[in-house]
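**Q** So I've got this file, structure_15.cif, and it contains mmCIF, C-alpha atoms:
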data_model
#
loop_
_atom_site.group_PDB
_atom_site.id
_atom_site.type_symbol
_atom_site.label_atom_id
_atom_site.label_comp_id
_atom_site.auth_asym_id
_atom_site.auth_seq_id
_atom_site.Cartn_x
_atom_site.Cartn_y
_atom_site.Cartn_z
ATOM 1 C CA MET A 1 -6.840 6.224 -37.841
ATOM 2 C CA LEU A 2 -8.541 3.241 -36.211
ATOM 3 C CA CYS A 3 -7.679 1.102 -39.225
ATOM 4 C CA HIS A 4 -4.071 2.312 -38.984
ATOM 5 C CA GLN A 5 -3.928 1.383 -35.292
ATOM 6 C CA ARG A 6 -5.331 -2.096 -35.903
ATOM 7 C CA LYS A 7 -2.660 -2.646 -38.522
ATOM 8 C CA LEU A 8 0.085 -1.250 -36.265
ATOM 9 C CA PHE A 9 -1.042 -3.222 -33.214
ATOM 10 C CA PRO A 10 -2.427 -6.598 -34.253
ATOM 11 C CA THR A 11 -3.771 -9.114 -31.767
ATOM 12 C CA PHE A 12 -0.978 -10.250 -29.480
ATOM 13 C CA THR A 13 -0.149 -13.935 -29.803
ATOM 14 C CA GLN A 14 1.024 -16.230 -27.017
ATOM 15 C CA MET A 15 4.606 -16.129 -28.314
ATOM 16 C CA GLU A 16 4.556 -12.323 -28.467
ATOM 17 C CA PHE A 17 3.298 -12.236 -24.888
ATOM 18 C CA ILE A 18 6.142 -14.531 -23.774
ATOM 19 C CA LEU A 19 8.696 -12.336 -25.562
ATOM 20 C CA ALA A 20 7.178 -9.256 -23.908
ATOM 21 C CA LEU A 21 7.387 -10.896 -20.465
ATOM 22 C CA LEU A 22 11.030 -11.726 -21.095
ATOM 23 C CA ALA A 23 11.711 -8.169 -22.289
ATOM 24 C CA ALA A 24 10.023 -6.714 -19.182
ATOM 25 C CA THR A 25 12.150 -8.969 -16.975
ATOM 26 C CA ILE A 26 15.277 -7.791 -18.795
ATOM 27 C CA VAL A 27 14.219 -4.163 -18.256
ATOM 28 C CA GLY A 28 14.056 -4.881 -14.523
ATOM 29 C CA LEU A 29 17.504 -6.486 -14.581
ATOM 30 C CA ASN A 30 18.889 -3.502 -16.473
ATOM 31 C CA LYS A 31 17.389 -0.923 -14.117
ATOM 32 C CA ALA A 32 18.781 -2.835 -11.124
ATOM 33 C CA GLY A 33 22.301 -2.256 -12.416
ATOM 34 C CA LEU A 34 23.072 -4.876 -15.076
ATOM 35 C CA LYS A 35 23.952 -2.213 -17.623
ATOM 36 C CA GLY A 36 23.838 -3.026 -21.332
ATOM 37 C CA ILE A 37 21.239 -5.778 -21.102
ATOM 38 C CA GLY A 38 18.472 -3.294 -21.908
ATOM 39 C CA VAL A 39 19.494 -3.474 -25.573
ATOM 40 C CA LEU A 40 18.299 -7.078 -25.631
ATOM 41 C CA ALA A 41 14.834 -6.061 -24.382
ATOM 42 C CA VAL A 42 14.563 -3.596 -27.268
ATOM 43 C CA VAL A 43 15.549 -6.312 -29.739
ATOM 44 C CA LEU A 44 12.967 -8.799 -28.402
ATOM 45 C CA LEU A 45 10.092 -6.328 -28.599
ATOM 46 C CA ALA A 46 11.115 -5.139 -32.060
ATOM 47 C CA LEU A 47 11.170 -8.731 -33.312
ATOM 48 C CA ALA A 48 7.752 -9.435 -31.777
ATOM 49 C CA TYR A 49 5.828 -6.254 -32.636
ATOM 50 C CA GLY A 50 7.828 -4.391 -35.268
ATOM 51 C CA SER A 51 10.396 -1.653 -34.864
ATOM 52 C CA ARG A 52 8.118 1.407 -34.680
ATOM 53 C CA ALA A 53 5.363 -0.159 -32.565
ATOM 54 C CA SER A 54 7.869 -1.546 -30.057
ATOM 55 C CA THR A 55 9.221 1.935 -29.274
ATOM 56 C CA GLY A 56 5.887 2.865 -27.720
ATOM 57 C CA ILE A 57 5.101 -0.458 -26.087
ATOM 58 C CA ILE A 58 8.312 -0.420 -24.067
ATOM 59 C CA VAL A 59 8.096 3.143 -22.691
ATOM 60 C CA PRO A 60 5.611 2.502 -19.818
ATOM 61 C CA ILE A 61 7.638 -0.592 -18.888
ATOM 62 C CA LEU A 62 10.808 1.506 -18.791
ATOM 63 C CA ILE A 63 9.133 4.110 -16.577
ATOM 64 C CA VAL A 64 8.164 1.438 -14.037
ATOM 65 C CA GLY A 65 11.777 0.235 -14.017
ATOM 66 C CA ASP A 66 12.972 3.830 -13.641
ATOM 67 C CA ILE A 67 10.718 4.353 -10.609
ATOM 68 C CA LEU A 68 12.140 1.226 -8.976
ATOM 69 C CA ALA A 69 15.698 2.372 -9.731
ATOM 70 C CA VAL A 70 15.311 5.934 -8.418
ATOM 71 C CA THR A 71 13.652 4.576 -5.277
ATOM 72 C CA TYR A 72 16.399 2.046 -4.611
ATOM 73 C CA TYR A 73 19.334 4.330 -5.517
ATOM 74 C CA LYS A 74 17.767 7.610 -4.325
ATOM 75 C CA ARG A 75 20.731 8.493 -2.097
ATOM 76 C CA HIS A 76 23.183 8.326 -4.995
ATOM 77 C CA VAL A 77 21.819 10.942 -7.431
ATOM 78 C CA LYS A 78 24.029 13.894 -8.444
ATOM 79 C CA TRP A 79 21.734 16.643 -9.730
ATOM 80 C CA LYS A 80 24.436 18.953 -11.068
ATOM 81 C CA TYR A 81 25.210 16.456 -13.839
ATOM 82 C CA LEU A 82 21.534 16.079 -14.731
ATOM 83 C CA ILE A 83 21.150 19.851 -15.036
ATOM 84 C CA LYS A 84 24.036 19.843 -17.501
ATOM 85 C CA LEU A 85 22.694 16.947 -19.606
ATOM 86 C CA ILE A 86 18.870 17.037 -19.612
ATOM 87 C CA PRO A 87 18.244 20.148 -21.804
ATOM 88 C CA ALA A 88 20.356 18.725 -24.636
ATOM 89 C CA VAL A 89 18.661 15.322 -24.309
ATOM 90 C CA MET A 90 15.261 16.982 -24.679
ATOM 91 C CA ILE A 91 16.434 18.736 -27.850
ATOM 92 C CA GLY A 92 17.560 15.362 -29.213
ATOM 93 C CA VAL A 93 14.138 13.866 -28.435
ATOM 94 C CA LEU A 94 12.369 16.698 -30.302
ATOM 95 C CA VAL A 95 14.611 16.233 -33.346
ATOM 96 C CA ALA A 96 13.824 12.505 -33.354
ATOM 97 C CA VAL A 97 10.072 13.134 -32.981
ATOM 98 C CA TYR A 98 10.109 15.350 -36.074
ATOM 99 C CA TYR A 99 12.421 13.111 -38.105
ATOM 100 C CA GLY A 100 10.904 9.782 -37.119
ATOM 101 C CA LYS A 101 7.212 10.634 -37.454
ATOM 102 C CA ASN A 102 7.060 9.977 -41.192
ATOM 103 C CA LEU A 103 9.586 7.135 -41.405
ATOM 104 C CA ASP A 104 8.097 3.956 -42.855
ATOM 105 C CA GLU A 105 8.691 0.605 -41.159
ATOM 106 C CA ALA A 106 11.625 -0.328 -43.419
ATOM 107 C CA ALA A 107 13.456 2.932 -42.661
ATOM 108 C CA PHE A 108 12.628 2.620 -38.988
ATOM 109 C CA LYS A 109 14.067 -0.920 -38.934
ATOM 110 C CA PHE A 110 17.236 0.341 -40.571
ATOM 111 C CA TRP A 111 17.699 3.136 -38.039
ATOM 112 C CA MET A 112 16.960 0.865 -35.085
ATOM 113 C CA ALA A 113 19.410 -1.781 -36.290
ATOM 114 C CA LEU A 114 22.026 0.926 -36.932
ATOM 115 C CA LEU A 115 21.598 2.306 -33.407
ATOM 116 C CA ILE A 116 21.820 -1.199 -31.922
ATOM 117 C CA PHE A 117 25.121 -1.768 -33.706
ATOM 118 C CA ALA A 118 26.307 1.669 -32.531
ATOM 119 C CA SER A 119 25.426 0.705 -28.952
ATOM 120 C CA LEU A 120 27.324 -2.546 -29.364
ATOM 121 C CA PHE A 121 30.330 -0.654 -30.704
ATOM 122 C CA ILE A 122 30.338 1.476 -27.557
ATOM 123 C CA ILE A 123 30.104 -1.633 -25.367
ATOM 124 C CA LEU A 124 33.033 -3.201 -27.229
ATOM 125 C CA TYR A 125 35.050 0.015 -27.129
ATOM 126 C CA ARG A 126 34.595 0.286 -23.371
ATOM 127 C CA GLU A 127 35.501 -3.392 -23.039
ATOM 128 C CA PHE A 128 38.890 -3.019 -24.703
ATOM 129 C CA TYR A 129 39.689 0.613 -23.848
ATOM 130 C CA LYS A 130 38.595 0.869 -20.232
ATOM 131 C CA GLN A 131 41.033 3.661 -19.408
ATOM 132 C CA THR A 132 39.815 6.036 -22.122
ATOM 133 C CA ALA A 133 39.269 9.517 -20.689
ATOM 134 C CA PHE A 134 36.412 11.705 -21.927
ATOM 135 C CA PRO A 135 36.208 15.498 -21.491
ATOM 136 C CA ASN A 136 33.792 16.754 -18.842
ATOM 137 C CA THR A 137 32.714 20.001 -20.584
ATOM 138 C CA TRP A 138 29.442 21.713 -21.471
ATOM 139 C CA PHE A 139 30.076 21.178 -25.190
ATOM 140 C CA PHE A 140 30.720 17.473 -24.625
ATOM 141 C CA ALA A 141 27.597 17.184 -22.453
ATOM 142 C CA GLY A 142 25.515 18.977 -25.082
ATOM 143 C CA SER A 143 26.747 16.778 -27.934
ATOM 144 C CA ILE A 144 26.233 13.545 -26.007
ATOM 145 C CA GLY A 145 22.865 14.808 -24.754
ATOM 146 C CA ILE A 146 21.485 15.444 -28.249
ATOM 147 C CA VAL A 147 22.643 12.014 -29.468
ATOM 148 C CA THR A 148 21.190 10.413 -26.325
ATOM 149 C CA GLY A 149 17.826 12.110 -26.858
ATOM 150 C CA PHE A 150 17.678 11.129 -30.516
ATOM 151 C CA THR A 151 18.502 7.485 -29.845
ATOM 152 C CA THR A 152 16.167 7.143 -26.872
ATOM 153 C CA MET A 153 13.226 8.339 -29.000
ATOM 154 C CA ILE A 154 14.029 6.339 -32.125
ATOM 155 C CA GLY A 155 14.934 3.092 -30.426
ATOM 156 C CA ASN A 156 15.127 3.407 -26.610
ATOM 157 C CA LEU A 157 18.847 2.707 -27.011
ATOM 158 C CA ALA A 158 20.457 5.680 -25.286
ATOM 159 C CA GLY A 159 22.061 3.875 -22.355
ATOM 160 C CA GLY A 160 25.414 3.355 -24.031
ATOM 161 C CA PHE A 161 25.678 6.982 -25.134
ATOM 162 C CA ALA A 162 24.646 8.354 -21.732
ATOM 163 C CA ASN A 163 27.224 6.124 -20.068
ATOM 164 C CA ILE A 164 29.970 7.881 -22.055
ATOM 165 C CA PHE A 165 28.974 11.134 -20.339
ATOM 166 C CA PHE A 166 28.833 9.533 -16.907
ATOM 167 C CA LEU A 167 32.259 7.966 -17.422
ATOM 168 C CA ALA A 168 33.612 11.476 -17.974
ATOM 169 C CA THR A 169 32.281 12.589 -14.581
ATOM 170 C CA GLY A 170 34.413 10.062 -12.697
ATOM 171 C CA LEU A 171 31.459 9.166 -10.468
ATOM 172 C CA PRO A 172 31.506 5.813 -8.614
ATOM 173 C CA LYS A 173 29.279 2.960 -9.776
ATOM 174 C CA ASN A 174 26.261 3.520 -7.497
ATOM 175 C CA GLU A 175 26.165 7.244 -8.231
ATOM 176 C CA ILE A 176 26.253 6.561 -11.967
ATOM 177 C CA ILE A 177 23.350 4.107 -11.593
ATOM 178 C CA GLY A 178 21.361 6.511 -9.389
ATOM 179 C CA THR A 179 21.958 9.593 -11.535
ATOM 180 C CA SER A 180 21.271 7.806 -14.825
ATOM 181 C CA ALA A 181 18.080 6.347 -13.295
ATOM 182 C CA TRP A 182 16.749 9.868 -12.705
ATOM 183 C CA LEU A 183 17.880 10.953 -16.166
ATOM 184 C CA PHE A 184 15.935 8.224 -17.935
ATOM 185 C CA MET A 185 12.837 8.518 -15.752
ATOM 186 C CA ILE A 186 12.617 12.238 -16.603
ATOM 187 C CA ILE A 187 13.253 11.642 -20.301
ATOM 188 C CA ASN A 188 10.911 8.637 -20.604
ATOM 189 C CA VAL A 189 8.092 10.672 -19.041
ATOM 190 C CA PHE A 190 8.975 13.544 -21.428
ATOM 191 C CA LYS A 191 8.620 11.132 -24.373
ATOM 192 C CA LEU A 192 5.149 9.894 -23.398
ATOM 193 C CA PRO A 193 2.987 12.602 -25.034
ATOM 194 C CA PHE A 194 4.890 12.288 -28.320
ATOM 195 C CA HIS A 195 4.312 8.526 -28.415
ATOM 196 C CA ILE A 196 0.610 9.043 -27.621
ATOM 197 C CA TRP A 197 -0.349 11.997 -29.834
ATOM 198 C CA SER A 198 2.389 12.388 -32.452
ATOM 199 C CA TRP A 199 3.592 8.889 -33.323
ATOM 200 C CA GLU A 200 0.464 7.126 -31.929
ATOM 201 C CA THR A 201 2.604 4.201 -30.754
ATOM 202 C CA ILE A 202 0.952 4.171 -27.312
ATOM 203 C CA THR A 203 -2.771 3.423 -27.298
ATOM 204 C CA MET A 204 -5.193 2.200 -24.659
ATOM 205 C CA LYS A 205 -4.689 -1.307 -26.009
ATOM 206 C CA THR A 206 -0.891 -1.202 -25.677
ATOM 207 C CA PHE A 207 -1.145 0.439 -22.249
ATOM 208 C CA LEU A 208 -3.415 -2.330 -20.944
ATOM 209 C CA PHE A 209 -1.033 -4.864 -22.429
ATOM 210 C CA ASP A 210 1.854 -3.201 -20.582
ATOM 211 C CA LEU A 211 -0.089 -3.428 -17.321
ATOM 212 C CA SER A 212 -0.324 -7.205 -17.780
ATOM 213 C CA ILE A 213 3.466 -7.634 -18.015
ATOM 214 C CA ILE A 214 4.618 -5.023 -15.485
ATOM 215 C CA PRO A 215 4.978 -7.650 -12.684
ATOM 216 C CA ALA A 216 7.856 -9.090 -14.715
ATOM 217 C CA VAL A 217 9.721 -5.781 -14.273
ATOM 218 C CA PHE A 218 9.541 -6.215 -10.492
ATOM 219 C CA VAL A 219 10.803 -9.787 -10.786
ATOM 220 C CA GLY A 220 13.687 -8.693 -13.000
ATOM 221 C CA PHE A 221 14.606 -5.828 -10.687
ATOM 222 C CA TYR A 222 14.665 -8.118 -7.644
ATOM 223 C CA LEU A 223 16.810 -10.668 -9.474
ATOM 224 C CA GLY A 224 19.070 -7.891 -10.736
ATOM 225 C CA ILE A 225 19.732 -6.590 -7.224
ATOM 226 C CA LYS A 226 20.722 -10.113 -6.174
ATOM 227 C CA LEU A 227 22.865 -10.765 -9.255
ATOM 228 C CA VAL A 228 24.592 -7.438 -9.769
ATOM 229 C CA ALA A 229 27.365 -8.239 -7.288
ATOM 230 C CA LYS A 230 27.636 -11.955 -8.111
ATOM 231 C CA PHE A 231 27.284 -12.306 -11.864
ATOM 232 C CA ASN A 232 30.286 -13.224 -14.004
ATOM 233 C CA GLU A 233 30.230 -9.891 -15.802
ATOM 234 C CA GLN A 234 32.851 -10.812 -18.405
ATOM 235 C CA PHE A 235 30.916 -13.844 -19.696
ATOM 236 C CA PHE A 236 27.670 -11.897 -19.465
ATOM 237 C CA ARG A 237 28.995 -9.044 -21.602
ATOM 238 C CA TYR A 238 30.215 -11.376 -24.352
ATOM 239 C CA PHE A 239 26.894 -13.233 -24.324
ATOM 240 C CA LEU A 240 25.043 -9.910 -24.525
ATOM 241 C CA ILE A 241 27.173 -8.684 -27.436
ATOM 242 C CA GLY A 242 26.623 -11.885 -29.431
ATOM 243 C CA THR A 243 22.879 -12.171 -28.868
ATOM 244 C CA THR A 244 22.252 -8.477 -29.452
ATOM 245 C CA ALA A 245 24.220 -8.438 -32.717
ATOM 246 C CA LEU A 246 22.199 -11.443 -33.878
ATOM 247 C CA GLY A 247 18.998 -9.647 -32.905
ATOM 248 C CA ALA A 248 19.936 -6.548 -34.889
ATOM 249 C CA ILE A 249 20.575 -8.706 -37.968
ATOM 250 C CA LEU A 250 17.194 -10.418 -37.494
ATOM 251 C CA ILE A 251 15.436 -7.042 -37.255
ATOM 252 C CA LEU A 252 16.926 -6.051 -40.615
ATOM 253 C CA LEU A 253 15.930 -9.359 -42.224
ATOM 254 C CA LYS A 254 12.455 -9.605 -40.706
#
Would it be possible to restate this file's structure as structure tokens?
**A**
Amino acid sequence: MLCHQRKLFPTFTQMEFILALLAATIVGLNKAGLKGIGVLAVVLLALAYGSRASTGIIVPILIVGDILAVTYYKRHVKWKYLIKLIPAVMIGVLVAVYYGKNLDEAAFKFWMALLIFASLFIILYREFYKQTAFPNTWFFAGSIGIVTGFTTMIGNLAGGFANIFFLATGLPKNEIIGTSAWLFMIINVFKLPFHIWSWETITMKTFLFDLSIIPAVFVGFYLGIKLVAKFNEQFFRYFLIGTTALGAILILLK
């Protein structure tokens, strides 16, 4: 096992550390309300550390961002929607844990790239079909919840799928941010033991590494709060789509 861990988590280079700092900053921006940018953080870490290893490295960073988000948007959470969604998300996580445990790196790269492109498709669909109405039913919540759980475990890419559910609720922007912040904090904490003991993608070494880059999450969150109301969202979304698509292609070719 120790040999396996050394192979899975090689010594971090200076460039990998820089990419991780940038990814942590992006996580902070995303949790502050710049939705969609979190996909880019996943891409950067996958390129630096490999697809499977990156899924564990990013989880503690995400939890820190979640804590900041639920603290800042604590007055905007709507628990009745979480009660409807969370059980199905947990089922999706368990399915992914079982399915993904024995995937080799090539298969894992394929699935991660596929999920990135699926997330981009959702972003594009919402861009051009903003008025699309989604049903707000238990069956719809269950279906979206299972897909959300599966994608958050395989690639930490569930934001786009969860947003489809929240669009169906008709909630205003701040309540969507606050409610989704609680959703992902609960789910990311739920994922922790599986990354530690089942997939072994979180080790003491990766945890200590995460501690060294966590300040970047705070920086990103602060910048995100300042930018969320001022940023040219249209240009930002097109930039995000282009860079993320390129990243997904690079993950496949790496």
**Q** By how many Å are atom CA of A:Ile196 and atom CA of A:Val97 apart?
**A**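 About the pair atom CA of A:Ile196 and atom CA of A:Val97: they are 11.6 Å apart.
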**Q** Name the closest residue to A:Met204 among the candidates A:Arg52, A:Ile57, A:Met15, A:Val43; distances are taken between atoms, counting all atoms listed in the file.
**A** A:Ile57
**Q** Between A:Ala96, A:Ile37, A:Leu183, A:Leu45, single out the one closest to A:Gly224, counting all atoms listed in the file.
**A** A:Ile37
**Q** At what distance in Å, to one decimal, does atom CA of A:Thr148 lie from atom CA of A:Lys84?
**A**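 These two atoms are separated by 13.2 Å.
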**Q** For this file, the PyMOL selection byres ((chain A and resi 166) around 12) selects which residues, as a VMD selection string?
**A** chain A and resid 77 to 78 80 to 82 84 to 85 133 to 137 140 to 141 144 to 145 159 to 165 167 to 181 183
**Q** Keeping C-alpha atoms, export the residues of the selection given above as a PDB file, in the frame of the given file.
**A**
ATOM      1  CA  VAL A  77      21.819  10.942  -7.431  1.00  0.00           C
ATOM      2  CA  LYS A  78      24.029  13.894  -8.444  1.00  0.00           C
ATOM      3  CA  LYS A  80      24.436  18.953 -11.068  1.00  0.00           C
ATOM      4  CA  TYR A  81      25.210  16.456 -13.839  1.00  0.00           C
ATOM      5  CA  LEU A  82      21.534  16.079 -14.731  1.00  0.00           C
ATOM      6  CA  LYS A  84      24.036  19.843 -17.501  1.00  0.00           C
ATOM      7  CA  LEU A  85      22.694  16.947 -19.606  1.00  0.00           C
ATOM      8  CA  ALA A 133      39.269   9.517 -20.689  1.00  0.00           C
ATOM      9  CA  PHE A 134      36.412  11.705 -21.927  1.00  0.00           C
ATOM     10  CA  PRO A 135      36.208  15.498 -21.491  1.00  0.00           C
ATOM     11  CA  ASN A 136      33.792  16.754 -18.842  1.00  0.00           C
ATOM     12  CA  THR A 137      32.714  20.001 -20.584  1.00  0.00           C
ATOM     13  CA  PHE A 140      30.720  17.473 -24.625  1.00  0.00           C
ATOM     14  CA  ALA A 141      27.597  17.184 -22.453  1.00  0.00           C
ATOM     15  CA  ILE A 144      26.233  13.545 -26.007  1.00  0.00           C
ATOM     16  CA  GLY A 145      22.865  14.808 -24.754  1.00  0.00           C
ATOM     17  CA  GLY A 159      22.061   3.875 -22.355  1.00  0.00           C
ATOM     18  CA  GLY A 160      25.414   3.355 -24.031  1.00  0.00           C
ATOM     19  CA  PHE A 161      25.678   6.982 -25.134  1.00  0.00           C
ATOM     20  CA  ALA A 162      24.646   8.354 -21.732  1.00  0.00           C
ATOM     21  CA  ASN A 163      27.224   6.124 -20.068  1.00  0.00           C
ATOM     22  CA  ILE A 164      29.970   7.881 -22.055  1.00  0.00           C
ATOM     23  CA  PHE A 165      28.974  11.134 -20.339  1.00  0.00           C
ATOM     24  CA  LEU A 167      32.259   7.966 -17.422  1.00  0.00           C
ATOM     25  CA  ALA A 168      33.612  11.476 -17.974  1.00  0.00           C
ATOM     26  CA  THR A 169      32.281  12.589 -14.581  1.00  0.00           C
ATOM     27  CA  GLY A 170      34.413  10.062 -12.697  1.00  0.00           C
ATOM     28  CA  LEU A 171      31.459   9.166 -10.468  1.00  0.00           C
ATOM     29  CA  PRO A 172      31.506   5.813  -8.614  1.00  0.00           C
ATOM     30  CA  LYS A 173      29.279   2.960  -9.776  1.00  0.00           C
ATOM     31  CA  ASN A 174      26.261   3.520  -7.497  1.00  0.00           C
ATOM     32  CA  GLU A 175      26.165   7.244  -8.231  1.00  0.00           C
ATOM     33  CA  ILE A 176      26.253   6.561 -11.967  1.00  0.00           C
ATOM     34  CA  ILE A 177      23.350   4.107 -11.593  1.00  0.00           C
ATOM     35  CA  GLY A 178      21.361   6.511  -9.389  1.00  0.00           C
ATOM     36  CA  THR A 179      21.958   9.593 -11.535  1.00  0.00           C
ATOM     37  CA  SER A 180      21.271   7.806 -14.825  1.00  0.00           C
ATOM     38  CA  ALA A 181      18.080   6.347 -13.295  1.00  0.00           C
ATOM     39  CA  LEU A 183      17.880  10.953 -16.166  1.00  0.00           C
TER      40      LEU A 183
END
**Q** Please measure the separation of atom CA of A:Glu105 and atom CA of A:Leu120, giving the value in Å to one decimal.
**A** 22.3 Å
**Q** So that I can see what lies close to A:Leu34, please list as an MDAnalysis selection string the residues with an atom at most 9 Å from it, counting all atoms listed in the file and leaving out residues fewer than 2 positions away in the same chain.
**A** chainID A and resid 29:32 36:38 224:225 227:228 233
**Q** Write out as a PDB file with C-alpha atoms, in the coordinates of the input each polymer residue whose atoms come within 8 Å of stretch 188-190 of chain A, counting all atoms listed in the file; drop sequence neighbours fewer than 5 positions from it.
**A**
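For reference, part-v7.pdb as written:
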ATOM      1  CA  VAL A  59       8.096   3.143 -22.691  1.00  0.00           C
ATOM      2  CA  LEU A  62      10.808   1.506 -18.791  1.00  0.00           C
ATOM      3  CA  ILE A  63       9.133   4.110 -16.577  1.00  0.00           C
ATOM      4  CA  MET A  90      15.261  16.982 -24.679  1.00  0.00           C
TER       5      MET A  90
END
**Q** Taking the point (10.7, 9.6, -38.2) as given in the file, collect each protein or nucleic acid residue that comes within 12 Å of it, counting only C-alpha atoms, and present the set as a ChimeraX atom specification.
**A** /A:51-52,55,93-112,150-151,153-155,194-195,198-199
**Q** Would you mind exporting the chosen residues as a PDB file, in the coordinates of the input, restricted to C-alpha atoms?
**A**
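Just written: out-v2.pdb:
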ATOM      1  CA  SER A  51      10.396  -1.653 -34.864  1.00  0.00           C
ATOM      2  CA  ARG A  52       8.118   1.407 -34.680  1.00  0.00           C
ATOM      3  CA  THR A  55       9.221   1.935 -29.274  1.00  0.00           C
ATOM      4  CA  VAL A  93      14.138  13.866 -28.435  1.00  0.00           C
ATOM      5  CA  LEU A  94      12.369  16.698 -30.302  1.00  0.00           C
ATOM      6  CA  VAL A  95      14.611  16.233 -33.346  1.00  0.00           C
ATOM      7  CA  ALA A  96      13.824  12.505 -33.354  1.00  0.00           C
ATOM      8  CA  VAL A  97      10.072  13.134 -32.981  1.00  0.00           C
ATOM      9  CA  TYR A  98      10.109  15.350 -36.074  1.00  0.00           C
ATOM     10  CA  TYR A  99      12.421  13.111 -38.105  1.00  0.00           C
ATOM     11  CA  GLY A 100      10.904   9.782 -37.119  1.00  0.00           C
ATOM     12  CA  LYS A 101       7.212  10.634 -37.454  1.00  0.00           C
ATOM     13  CA  ASN A 102       7.060   9.977 -41.192  1.00  0.00           C
ATOM     14  CA  LEU A 103       9.586   7.135 -41.405  1.00  0.00           C
ATOM     15  CA  ASP A 104       8.097   3.956 -42.855  1.00  0.00           C
ATOM     16  CA  GLU A 105       8.691   0.605 -41.159  1.00  0.00           C
ATOM     17  CA  ALA A 106      11.625  -0.328 -43.419  1.00  0.00           C
ATOM     18  CA  ALA A 107      13.456   2.932 -42.661  1.00  0.00           C
ATOM     19  CA  PHE A 108      12.628   2.620 -38.988  1.00  0.00           C
ATOM     20  CA  LYS A 109      14.067  -0.920 -38.934  1.00  0.00           C
ATOM     21  CA  PHE A 110      17.236   0.341 -40.571  1.00  0.00           C
ATOM     22  CA  TRP A 111      17.699   3.136 -38.039  1.00  0.00           C
ATOM     23  CA  MET A 112      16.960   0.865 -35.085  1.00  0.00           C
ATOM     24  CA  PHE A 150      17.678  11.129 -30.516  1.00  0.00           C
ATOM     25  CA  THR A 151      18.502   7.485 -29.845  1.00  0.00           C
ATOM     26  CA  MET A 153      13.226   8.339 -29.000  1.00  0.00           C
ATOM     27  CA  ILE A 154      14.029   6.339 -32.125  1.00  0.00           C
ATOM     28  CA  GLY A 155      14.934   3.092 -30.426  1.00  0.00           C
ATOM     29  CA  PHE A 194       4.890  12.288 -28.320  1.00  0.00           C
ATOM     30  CA  HIS A 195       4.312   8.526 -28.415  1.00  0.00           C
ATOM     31  CA  SER A 198       2.389  12.388 -32.452  1.00  0.00           C
ATOM     32  CA  TRP A 199       3.592   8.889 -33.323  1.00  0.00           C
TER      33      TRP A 199
END
**Q** Given the choices A:Tyr72, A:Ile61, A:Thr203, A:Leu19, which gets closest to A:Leu44 if the distance is worked out from all atoms listed in the file?
**A**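 Among the listed residues, A:Leu19 lies closest to A:Leu44.
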**Q** Select, from A:Leu22, A:Ala216, A:Leu208, A:Ile146, the residue with the minimum atom-to-atom distance to A:Gly92, counting only C-alpha atoms.
**A** A:Ile146
**Q** Using only C-alpha atoms, can you tell me which of A:Ala113, A:Leu157, A:Leu223, A:Ile86 comes closest to A:Ile187?
**A**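 Of the candidates, the smallest distance to A:Ile187 is held by A:Ile86.
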**Q** May I ask which of the residues A:Pro215, A:Gly142, A:Pro193, A:Gly50 is the closest one to A:Val64, counting only C-alpha atoms?
**A**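 Going through A:Pro215, A:Gly142, A:Pro193, A:Gly50 one by one, the smallest distance to A:Val64 is for A:Pro215.
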